[in-house]
Amino acid sequence: MIKHPPVMRICISCKKAYDRKNLFKITKDHKQGIIFQKGMGRSAYICKSKKCYSDSKIKKKLQKALKTFFEPEFVDIFEKEIASYNDNPNKGI
Ligand SMILES: [Zn+2]
């Protein structure tokens with residue numbers, strides 16, 4: 001078994017580097033628009049510390065990082081995903 005080093009990405013809120021597996025990924029997909037944890041295209045990452053993902057400015061920061069504006073549909077999805085993680089951080093995403 002070859003062990004690959006973890007892919008590190010920077011949290012847009014605290015600016016610390018984390019293993020990509022331990023981050024929420026928000027992607028501006030070429031076809032599907034803004035999507036959560038999937039997709040190809042420009043992506044922004046948020047770490048799983050409550051301080052970052054529940055930051056009141058996090059959606060603003062994400063929109064700035066992705067150079068886009070979120071549709072209300074995506075804001076709904078985002079808030080549900082974050083809330084479900086917040087309720088049960090051990091289930092993983
Ligand atoms: Zn962070």
# chains A, B, ... in the order shown; residues from 1 in each chain; ligands from 1

call {"tool": "residues_near_ligand", "arguments": {"ligand": "ligand 1", "cutoff": "10 Å", "atoms": "only C-alpha atoms and all ligand atoms", "output": "PDB file with N, CA and C atoms, in the first residue's frame"}}
result
ATOM      1  N   ILE A  10      -6.391  25.326   2.626  1.00  0.00           N
ATOM      2  CA  ILE A  10      -6.474  26.396   3.620  1.00  0.00           C
ATOM      3  C   ILE A  10      -7.936  26.732   3.910  1.00  0.00           C
ATOM      4  N   CYS A  11      -8.273  26.788   5.185  1.00  0.00           N
ATOM      5  CA  CYS A  11      -9.609  27.253   5.593  1.00  0.00           C
ATOM      6  C   CYS A  11      -9.697  28.755   5.284  1.00  0.00           C
ATOM      7  N   ILE A  12     -10.786  29.152   4.626  1.00  0.00           N
ATOM      8  CA  ILE A  12     -10.881  30.577   4.253  1.00  0.00           C
ATOM      9  C   ILE A  12     -11.143  31.467   5.453  1.00  0.00           C
ATOM     10  N   SER A  13     -11.509  30.860   6.566  1.00  0.00           N
ATOM     11  CA  SER A  13     -11.803  31.673   7.739  1.00  0.00           C
ATOM     12  C   SER A  13     -10.575  31.864   8.634  1.00  0.00           C
ATOM     13  N   CYS A  14      -9.989  30.755   9.113  1.00  0.00           N
ATOM     14  CA  CYS A  14      -8.855  30.898  10.036  1.00  0.00           C
ATOM     15  C   CYS A  14      -7.506  30.861   9.311  1.00  0.00           C
ATOM     16  N   LYS A  15      -7.520  30.532   8.000  1.00  0.00           N
ATOM     17  CA  LYS A  15      -6.313  30.514   7.165  1.00  0.00           C
ATOM     18  C   LYS A  15      -5.306  29.454   7.571  1.00  0.00           C
ATOM     19  N   LYS A  16      -5.766  28.449   8.311  1.00  0.00           N
ATOM     20  CA  LYS A  16      -4.865  27.353   8.650  1.00  0.00           C
ATOM     21  C   LYS A  16      -5.026  26.241   7.628  1.00  0.00           C
ATOM     22  N   ALA A  17      -3.959  25.463   7.425  1.00  0.00           N
ATOM     23  CA  ALA A  17      -4.003  24.358   6.471  1.00  0.00           C
ATOM     24  C   ALA A  17      -4.478  23.085   7.167  1.00  0.00           C
ATOM     25  N   TYR A  18      -5.392  22.385   6.495  1.00  0.00           N
ATOM     26  CA  TYR A  18      -5.900  21.118   7.009  1.00  0.00           C
ATOM     27  C   TYR A  18      -5.922  20.095   5.884  1.00  0.00           C
ATOM     28  N   LEU A  23     -12.266  19.098   5.796  1.00  0.00           N
ATOM     29  CA  LEU A  23     -12.782  20.434   5.496  1.00  0.00           C
ATOM     30  C   LEU A  23     -14.122  20.325   4.766  1.00  0.00           C
ATOM     31  N   PHE A  24     -14.947  21.327   4.927  1.00  0.00           N
ATOM     32  CA  PHE A  24     -16.113  21.454   4.064  1.00  0.00           C
ATOM     33  C   PHE A  24     -15.638  22.104   2.769  1.00  0.00           C
ATOM     34  N   TYR A  45     -12.669  26.272   1.000  1.00  0.00           N
ATOM     35  CA  TYR A  45     -12.732  25.285   2.073  1.00  0.00           C
ATOM     36  C   TYR A  45     -12.932  25.971   3.409  1.00  0.00           C
ATOM     37  N   ILE A  46     -13.709  25.274   4.260  1.00  0.00           N
ATOM     38  CA  ILE A  46     -13.902  25.752   5.635  1.00  0.00           C
ATOM     39  C   ILE A  46     -13.577  24.593   6.560  1.00  0.00           C
ATOM     40  N   CYS A  47     -12.813  24.857   7.611  1.00  0.00           N
ATOM     41  CA  CYS A  47     -12.486  23.776   8.525  1.00  0.00           C
ATOM     42  C   CYS A  47     -13.661  23.481   9.436  1.00  0.00           C
ATOM     43  N   LYS A  48     -13.540  22.364  10.165  1.00  0.00           N
ATOM     44  CA  LYS A  48     -14.673  21.905  10.958  1.00  0.00           C
ATOM     45  C   LYS A  48     -14.611  22.394  12.397  1.00  0.00           C
ATOM     46  N   SER A  49     -13.980  23.547  12.600  1.00  0.00           N
ATOM     47  CA  SER A  49     -14.087  24.114  13.938  1.00  0.00           C
ATOM     48  C   SER A  49     -15.275  25.068  13.925  1.00  0.00           C
ATOM     49  N   LYS A  50     -16.046  24.977  14.989  1.00  0.00           N
ATOM     50  CA  LYS A  50     -17.315  25.707  15.042  1.00  0.00           C
ATOM     51  C   LYS A  50     -17.117  27.199  14.801  1.00  0.00           C
ATOM     52  N   LYS A  51     -16.024  27.701  15.318  1.00  0.00           N
ATOM     53  CA  LYS A  51     -15.705  29.117  15.164  1.00  0.00           C
ATOM     54  C   LYS A  51     -15.730  29.514  13.685  1.00  0.00           C
ATOM     55  N   CYS A  52     -15.271  28.618  12.822  1.00  0.00           N
ATOM     56  CA  CYS A  52     -15.205  28.934  11.395  1.00  0.00           C
ATOM     57  C   CYS A  52     -16.519  28.665  10.673  1.00  0.00           C
ATOM     58  N   TYR A  53     -17.060  27.451  10.810  1.00  0.00           N
ATOM     59  CA  TYR A  53     -18.239  27.148  10.000  1.00  0.00           C
ATOM     60  C   TYR A  53     -19.496  27.860  10.486  1.00  0.00           C
ATOM     61  N   ASP A  55     -19.359  30.960  11.704  1.00  0.00           N
ATOM     62  CA  ASP A  55     -19.067  32.392  11.625  1.00  0.00           C
ATOM     63  C   ASP A  55     -20.193  33.103  10.854  1.00  0.00           C
TER      64      ASP A  55
END

call {"tool": "select_by_dssp", "arguments": {"residues": "chain A", "states": "alpha helix (DSSP H)", "output": "list in words"}}
result
Lys50, Lys51, Cys52, Tyr53, Ile58, Lys59, Lys60, Lys61, Leu62, Gln63, Lys64, Ala65, Leu66, Pro72, Glu73, Phe74, Val75, Asp76, Ile77, Phe78, Glu79, Lys80, Glu81, Ile82, Ala83, Ser84, Tyr85, Asn86 and Asp87 of chain A

call {"tool": "residues_around", "arguments": {"residues": "Asp76 (chain A)", "least_positions_apart": "5", "cutoff": "12 Å", "atoms": "only C-alpha atoms", "output": "MDAnalysis selection string"}}
result
chainID A and resid 34:36 59 70:71 81:83

call {"tool": "closest_residue", "arguments": {"among": "A:Asn22, A:Ser43, A:Met1, A:Gln37", "to": "Pro89 (chain A)", "atoms": "only C-alpha atoms"}}
result
A:Asn22

call {"tool": "closest_residue", "arguments": {"among": "A:Gly39, A:Tyr85, A:Lys80, A:Ile26", "to": "Lys61 (chain A)", "atoms": "only C-alpha atoms"}}
result
A:Ile26

call {"tool": "closest_residue", "arguments": {"among": "A:Ser54, A:Met8, A:Asn90, A:Lys28", "to": "Leu66 (chain A)", "atoms": "only C-alpha atoms"}}
result
A:Lys28

call {"tool": "select_by_dssp", "arguments": {"residues": "chain A", "states": "strand (DSSP E or B)", "output": "PyMOL selection string"}}
result
chain A and resi 8-11+17-19+23-29+33-36+41-47

call {"tool": "write_last_selection", "arguments": {"atoms": "N, CA, C and O atoms", "output": "mmCIF file, in the first residue's frame"}}
result
data_model
loop_
_atom_site.group_PDB
_atom_site.id
_atom_site.type_symbol
_atom_site.label_atom_id
_atom_site.label_comp_id
_atom_site.auth_asym_id
_atom_site.auth_seq_id
_atom_site.Cartn_x
_atom_site.Cartn_y
_atom_site.Cartn_z
ATOM 1 N N MET A 8 -3.459 19.094 1.450
ATOM 2 C CA MET A 8 -3.751 20.159 2.400
ATOM 3 C C MET A 8 -4.429 21.334 1.705
ATOM 4 O O MET A 8 -4.063 21.702 0.592
ATOM 5 N N ARG A 9 -5.409 21.878 2.372
ATOM 6 C CA ARG A 9 -6.088 23.063 1.864
ATOM 7 C C ARG A 9 -6.240 24.066 3.002
ATOM 8 O O ARG A 9 -6.244 23.705 4.161
ATOM 9 N N ILE A 10 -6.391 25.326 2.626
ATOM 10 C CA ILE A 10 -6.474 26.396 3.620
ATOM 11 C C ILE A 10 -7.936 26.732 3.910
ATOM 12 O O ILE A 10 -8.725 26.944 2.991
ATOM 13 N N CYS A 11 -8.273 26.788 5.185
ATOM 14 C CA CYS A 11 -9.609 27.253 5.593
ATOM 15 C C CYS A 11 -9.697 28.755 5.284
ATOM 16 O O CYS A 11 -8.790 29.510 5.643
ATOM 17 N N ALA A 17 -3.959 25.463 7.425
ATOM 18 C CA ALA A 17 -4.003 24.358 6.471
ATOM 19 C C ALA A 17 -4.478 23.085 7.167
ATOM 20 O O ALA A 17 -4.053 22.779 8.278
ATOM 21 N N TYR A 18 -5.392 22.385 6.495
ATOM 22 C CA TYR A 18 -5.900 21.118 7.009
ATOM 23 C C TYR A 18 -5.922 20.095 5.884
ATOM 24 O O TYR A 18 -5.971 20.449 4.710
ATOM 25 N N ASP A 19 -5.951 18.813 6.304
ATOM 26 C CA ASP A 19 -6.203 17.733 5.362
ATOM 27 C C ASP A 19 -7.567 17.997 4.699
ATOM 28 O O ASP A 19 -8.548 18.286 5.383
ATOM 29 N N LEU A 23 -12.266 19.098 5.796
ATOM 30 C CA LEU A 23 -12.782 20.434 5.496
ATOM 31 C C LEU A 23 -14.122 20.325 4.766
ATOM 32 O O LEU A 23 -14.381 19.347 4.070
ATOM 33 N N PHE A 24 -14.947 21.327 4.927
ATOM 34 C CA PHE A 24 -16.113 21.454 4.064
ATOM 35 C C PHE A 24 -15.638 22.104 2.769
ATOM 36 O O PHE A 24 -14.889 23.084 2.805
ATOM 37 N N LYS A 25 -16.098 21.547 1.679
ATOM 38 C CA LYS A 25 -15.678 22.076 0.386
ATOM 39 C C LYS A 25 -16.885 22.689 -0.314
ATOM 40 O O LYS A 25 -17.935 22.043 -0.425
ATOM 41 N N ILE A 26 -16.738 23.872 -0.795
ATOM 42 C CA ILE A 26 -17.802 24.530 -1.548
ATOM 43 C C ILE A 26 -17.223 24.864 -2.916
ATOM 44 O O ILE A 26 -16.199 25.535 -3.020
ATOM 45 N N THR A 27 -17.854 24.371 -3.949
ATOM 46 C CA THR A 27 -17.305 24.479 -5.298
ATOM 47 C C THR A 27 -18.239 25.219 -6.230
ATOM 48 O O THR A 27 -19.449 25.034 -6.191
ATOM 49 N N LYS A 28 -17.628 26.055 -7.024
ATOM 50 C CA LYS A 28 -18.362 26.699 -8.104
ATOM 51 C C LYS A 28 -18.182 25.802 -9.328
ATOM 52 O O LYS A 28 -17.191 25.908 -10.049
ATOM 53 N N ASP A 29 -19.122 24.903 -9.515
ATOM 54 C CA ASP A 29 -19.001 23.913 -10.579
ATOM 55 C C ASP A 29 -19.364 24.543 -11.918
ATOM 56 O O ASP A 29 -20.267 25.371 -12.003
ATOM 57 N N GLY A 33 -23.265 24.930 -10.989
ATOM 58 C CA GLY A 33 -23.306 26.099 -10.118
ATOM 59 C C GLY A 33 -22.643 25.777 -8.782
ATOM 60 O O GLY A 33 -21.756 24.936 -8.714
ATOM 61 N N ILE A 34 -23.102 26.440 -7.734
ATOM 62 C CA ILE A 34 -22.463 26.260 -6.430
ATOM 63 C C ILE A 34 -22.966 24.977 -5.783
ATOM 64 O O ILE A 34 -24.173 24.799 -5.625
ATOM 65 N N ILE A 35 -22.050 24.110 -5.412
ATOM 66 C CA ILE A 35 -22.447 22.871 -4.764
ATOM 67 C C ILE A 35 -21.557 22.575 -3.574
ATOM 68 O O ILE A 35 -20.457 23.115 -3.442
ATOM 69 N N PHE A 36 -22.064 21.695 -2.712
ATOM 70 C CA PHE A 36 -21.440 21.401 -1.433
ATOM 71 C C PHE A 36 -20.739 20.054 -1.497
ATOM 72 O O PHE A 36 -21.367 19.051 -1.838
ATOM 73 N N GLY A 41 -14.104 22.670 -10.236
ATOM 74 C CA GLY A 41 -14.049 24.101 -10.492
ATOM 75 C C GLY A 41 -13.400 24.812 -9.323
ATOM 76 O O GLY A 41 -12.730 24.182 -8.492
ATOM 77 N N ARG A 42 -13.589 26.104 -9.257
ATOM 78 C CA ARG A 42 -13.001 26.876 -8.169
ATOM 79 C C ARG A 42 -13.648 26.446 -6.854
ATOM 80 O O ARG A 42 -14.870 26.399 -6.750
ATOM 81 N N SER A 43 -12.817 26.147 -5.861
ATOM 82 C CA SER A 43 -13.356 25.682 -4.591
ATOM 83 C C SER A 43 -12.832 26.509 -3.433
ATOM 84 O O SER A 43 -11.739 27.059 -3.497
ATOM 85 N N ALA A 44 -13.656 26.565 -2.399
ATOM 86 C CA ALA A 44 -13.219 27.183 -1.157
ATOM 87 C C ALA A 44 -13.466 26.182 -0.045
ATOM 88 O O ALA A 44 -14.353 25.333 -0.145
ATOM 89 N N TYR A 45 -12.669 26.272 1.000
ATOM 90 C CA TYR A 45 -12.732 25.285 2.073
ATOM 91 C C TYR A 45 -12.932 25.971 3.409
ATOM 92 O O TYR A 45 -12.416 27.054 3.651
ATOM 93 N N ILE A 46 -13.709 25.274 4.260
ATOM 94 C CA ILE A 46 -13.902 25.752 5.635
ATOM 95 C C ILE A 46 -13.577 24.593 6.560
ATOM 96 O O ILE A 46 -14.029 23.472 6.323
ATOM 97 N N CYS A 47 -12.813 24.857 7.611
ATOM 98 C CA CYS A 47 -12.486 23.776 8.525
ATOM 99 C C CYS A 47 -13.661 23.481 9.436
ATOM 100 O O CYS A 47 -14.645 24.217 9.479
#

call {"tool": "decode", "arguments": {"residues": "region 68-84 of chain A", "atoms": "all heavy atoms", "output": "CSV table (one decimal), in the first residue's frame"}}
result
chain,number,residue,atom,x,y,z
A,68,THR,N,-18.5,34.9,-6.5
A,68,THR,CA,-19.9,34.6,-7.0
A,68,THR,C,-20.9,35.1,-5.9
A,68,THR,O,-20.5,35.6,-4.9
A,68,THR,CB,-20.1,33.1,-7.2
A,68,THR,OG1,-21.3,32.9,-7.8
A,68,THR,CG2,-20.0,32.3,-5.9
A,69,PHE,N,-22.2,34.9,-6.2
A,69,PHE,CA,-23.2,35.2,-5.3
A,69,PHE,C,-24.1,33.9,-5.1
A,69,PHE,O,-24.4,33.2,-6.1
A,69,PHE,CB,-24.1,36.3,-5.8
A,69,PHE,CG,-23.4,37.6,-5.7
A,69,PHE,CD1,-22.8,38.2,-6.9
A,69,PHE,CD2,-23.2,38.3,-4.5
A,69,PHE,CE1,-22.1,39.3,-6.9
A,69,PHE,CE2,-22.5,39.5,-4.5
A,69,PHE,CZ,-21.9,40.0,-5.7
A,70,PHE,N,-24.4,33.6,-3.9
A,70,PHE,CA,-25.1,32.4,-3.6
A,70,PHE,C,-26.6,32.6,-3.9
A,70,PHE,O,-27.2,33.6,-3.5
A,70,PHE,CB,-25.0,31.9,-2.2
A,70,PHE,CG,-23.6,31.4,-1.9
A,70,PHE,CD1,-23.2,31.3,-0.5
A,70,PHE,CD2,-22.7,31.1,-2.9
A,70,PHE,CE1,-21.9,30.8,-0.2
A,70,PHE,CE2,-21.4,30.7,-2.5
A,70,PHE,CZ,-21.0,30.5,-1.2
A,71,GLU,N,-27.2,31.6,-4.6
A,71,GLU,CA,-28.6,31.5,-4.7
A,71,GLU,C,-29.2,31.2,-3.4
A,71,GLU,O,-28.6,30.4,-2.6
A,71,GLU,CB,-29.0,30.4,-5.8
A,71,GLU,CG,-28.4,30.6,-7.1
A,71,GLU,CD,-29.1,31.8,-7.9
A,71,GLU,OE1,-30.2,32.1,-7.5
A,71,GLU,OE2,-28.4,32.3,-8.8
A,72,PRO,N,-30.5,31.6,-3.1
A,72,PRO,CA,-31.1,31.2,-1.8
A,72,PRO,C,-31.2,29.7,-1.7
A,72,PRO,O,-31.0,29.2,-0.5
A,72,PRO,CB,-32.5,31.8,-1.9
A,72,PRO,CG,-32.5,32.8,-3.0
A,72,PRO,CD,-31.3,32.5,-3.9
A,73,GLU,N,-31.3,29.0,-2.8
A,73,GLU,CA,-31.3,27.5,-2.7
A,73,GLU,C,-30.0,27.0,-2.1
A,73,GLU,O,-30.0,26.0,-1.3
A,73,GLU,CB,-31.5,26.8,-4.1
A,73,GLU,CG,-32.9,27.1,-4.7
A,73,GLU,CD,-33.0,28.4,-5.4
A,73,GLU,OE1,-32.0,29.2,-5.5
A,73,GLU,OE2,-34.2,28.8,-5.7
A,74,PHE,N,-28.9,27.5,-2.6
A,74,PHE,CA,-27.6,27.1,-2.0
A,74,PHE,C,-27.5,27.4,-0.6
A,74,PHE,O,-27.0,26.7,0.2
A,74,PHE,CB,-26.4,27.5,-2.8
A,74,PHE,CG,-25.2,27.0,-2.2
A,74,PHE,CD1,-24.8,25.7,-2.4
A,74,PHE,CD2,-24.4,27.8,-1.4
A,74,PHE,CE1,-23.7,25.2,-1.8
A,74,PHE,CE2,-23.3,27.3,-0.8
A,74,PHE,CZ,-22.9,26.0,-1.0
A,75,VAL,N,-27.9,28.6,-0.2
A,75,VAL,CA,-27.8,29.1,1.2
A,75,VAL,C,-28.5,28.1,2.1
A,75,VAL,O,-28.1,27.7,3.2
A,75,VAL,CB,-28.3,30.5,1.4
A,75,VAL,CG1,-28.3,30.9,2.8
A,75,VAL,CG2,-27.4,31.5,0.6
A,76,ASP,N,-29.7,27.6,1.6
A,76,ASP,CA,-30.5,26.6,2.4
A,76,ASP,C,-29.7,25.3,2.6
A,76,ASP,O,-29.6,24.8,3.7
A,76,ASP,CB,-31.7,26.2,1.5
A,76,ASP,CG,-33.0,27.0,2.0
A,76,ASP,OD1,-32.8,28.0,2.7
A,76,ASP,OD2,-34.1,26.7,1.5
A,77,ILE,N,-29.1,24.8,1.4
A,77,ILE,CA,-28.4,23.6,1.5
A,77,ILE,C,-27.2,23.8,2.5
A,77,ILE,O,-27.0,22.9,3.3
A,77,ILE,CB,-27.9,23.2,0.1
A,77,ILE,CG1,-29.0,22.8,-0.8
A,77,ILE,CG2,-26.8,22.1,0.2
A,77,ILE,CD1,-28.7,22.7,-2.3
A,78,PHE,N,-26.5,24.9,2.3
A,78,PHE,CA,-25.3,25.1,3.1
A,78,PHE,C,-25.7,25.1,4.6
A,78,PHE,O,-25.1,24.5,5.4
A,78,PHE,CB,-24.7,26.5,2.7
A,78,PHE,CG,-23.5,26.9,3.5
A,78,PHE,CD1,-22.3,26.3,3.2
A,78,PHE,CD2,-23.6,27.8,4.6
A,78,PHE,CE1,-21.2,26.7,4.0
A,78,PHE,CE2,-22.5,28.1,5.3
A,78,PHE,CZ,-21.3,27.6,5.0
A,79,GLU,N,-26.8,25.8,4.9
A,79,GLU,CA,-27.2,25.9,6.3
A,79,GLU,C,-27.6,24.6,6.9
A,79,GLU,O,-27.3,24.3,8.0
A,79,GLU,CB,-28.2,27.0,6.5
A,79,GLU,CG,-27.5,28.4,6.5
A,79,GLU,CD,-28.4,29.6,6.5
A,79,GLU,OE1,-29.7,29.4,6.5
A,79,GLU,OE2,-27.9,30.7,6.6
A,80,LYS,N,-28.3,23.8,6.1
A,80,LYS,CA,-28.7,22.5,6.5
A,80,LYS,C,-27.5,21.6,6.8
A,80,LYS,O,-27.5,20.8,7.8
A,80,LYS,CB,-29.6,21.8,5.5
A,80,LYS,CG,-31.1,22.3,5.7
A,80,LYS,CD,-32.0,21.5,4.8
A,80,LYS,CE,-33.3,22.2,4.7
A,80,LYS,NZ,-33.8,22.4,3.3
A,81,GLU,N,-26.6,21.6,5.8
A,81,GLU,CA,-25.4,20.7,6.0
A,81,GLU,C,-24.6,21.1,7.2
A,81,GLU,O,-24.2,20.2,8.0
A,81,GLU,CB,-24.5,20.9,4.7
A,81,GLU,CG,-25.1,20.3,3.5
A,81,GLU,CD,-25.0,18.8,3.4
A,81,GLU,OE1,-24.4,18.2,4.2
A,81,GLU,OE2,-25.6,18.3,2.4
A,82,ILE,N,-24.4,22.4,7.4
A,82,ILE,CA,-23.7,22.9,8.6
A,82,ILE,C,-24.4,22.5,9.9
A,82,ILE,O,-23.8,22.0,10.8
A,82,ILE,CB,-23.5,24.4,8.5
A,82,ILE,CG1,-22.6,24.8,7.3
A,82,ILE,CG2,-22.9,25.0,9.8
A,82,ILE,CD1,-21.1,24.3,7.4
A,83,ALA,N,-25.7,22.7,9.9
A,83,ALA,CA,-26.5,22.4,11.1
A,83,ALA,C,-26.5,20.9,11.4
A,83,ALA,O,-26.4,20.5,12.5
A,83,ALA,CB,-28.0,22.8,10.9
A,84,SER,N,-26.5,20.0,10.3
A,84,SER,CA,-26.5,18.6,10.6
A,84,SER,C,-25.2,18.2,11.1
A,84,SER,O,-25.1,17.3,11.9
A,84,SER,CB,-27.0,17.8,9.4
A,84,SER,OG,-25.9,17.6,8.5
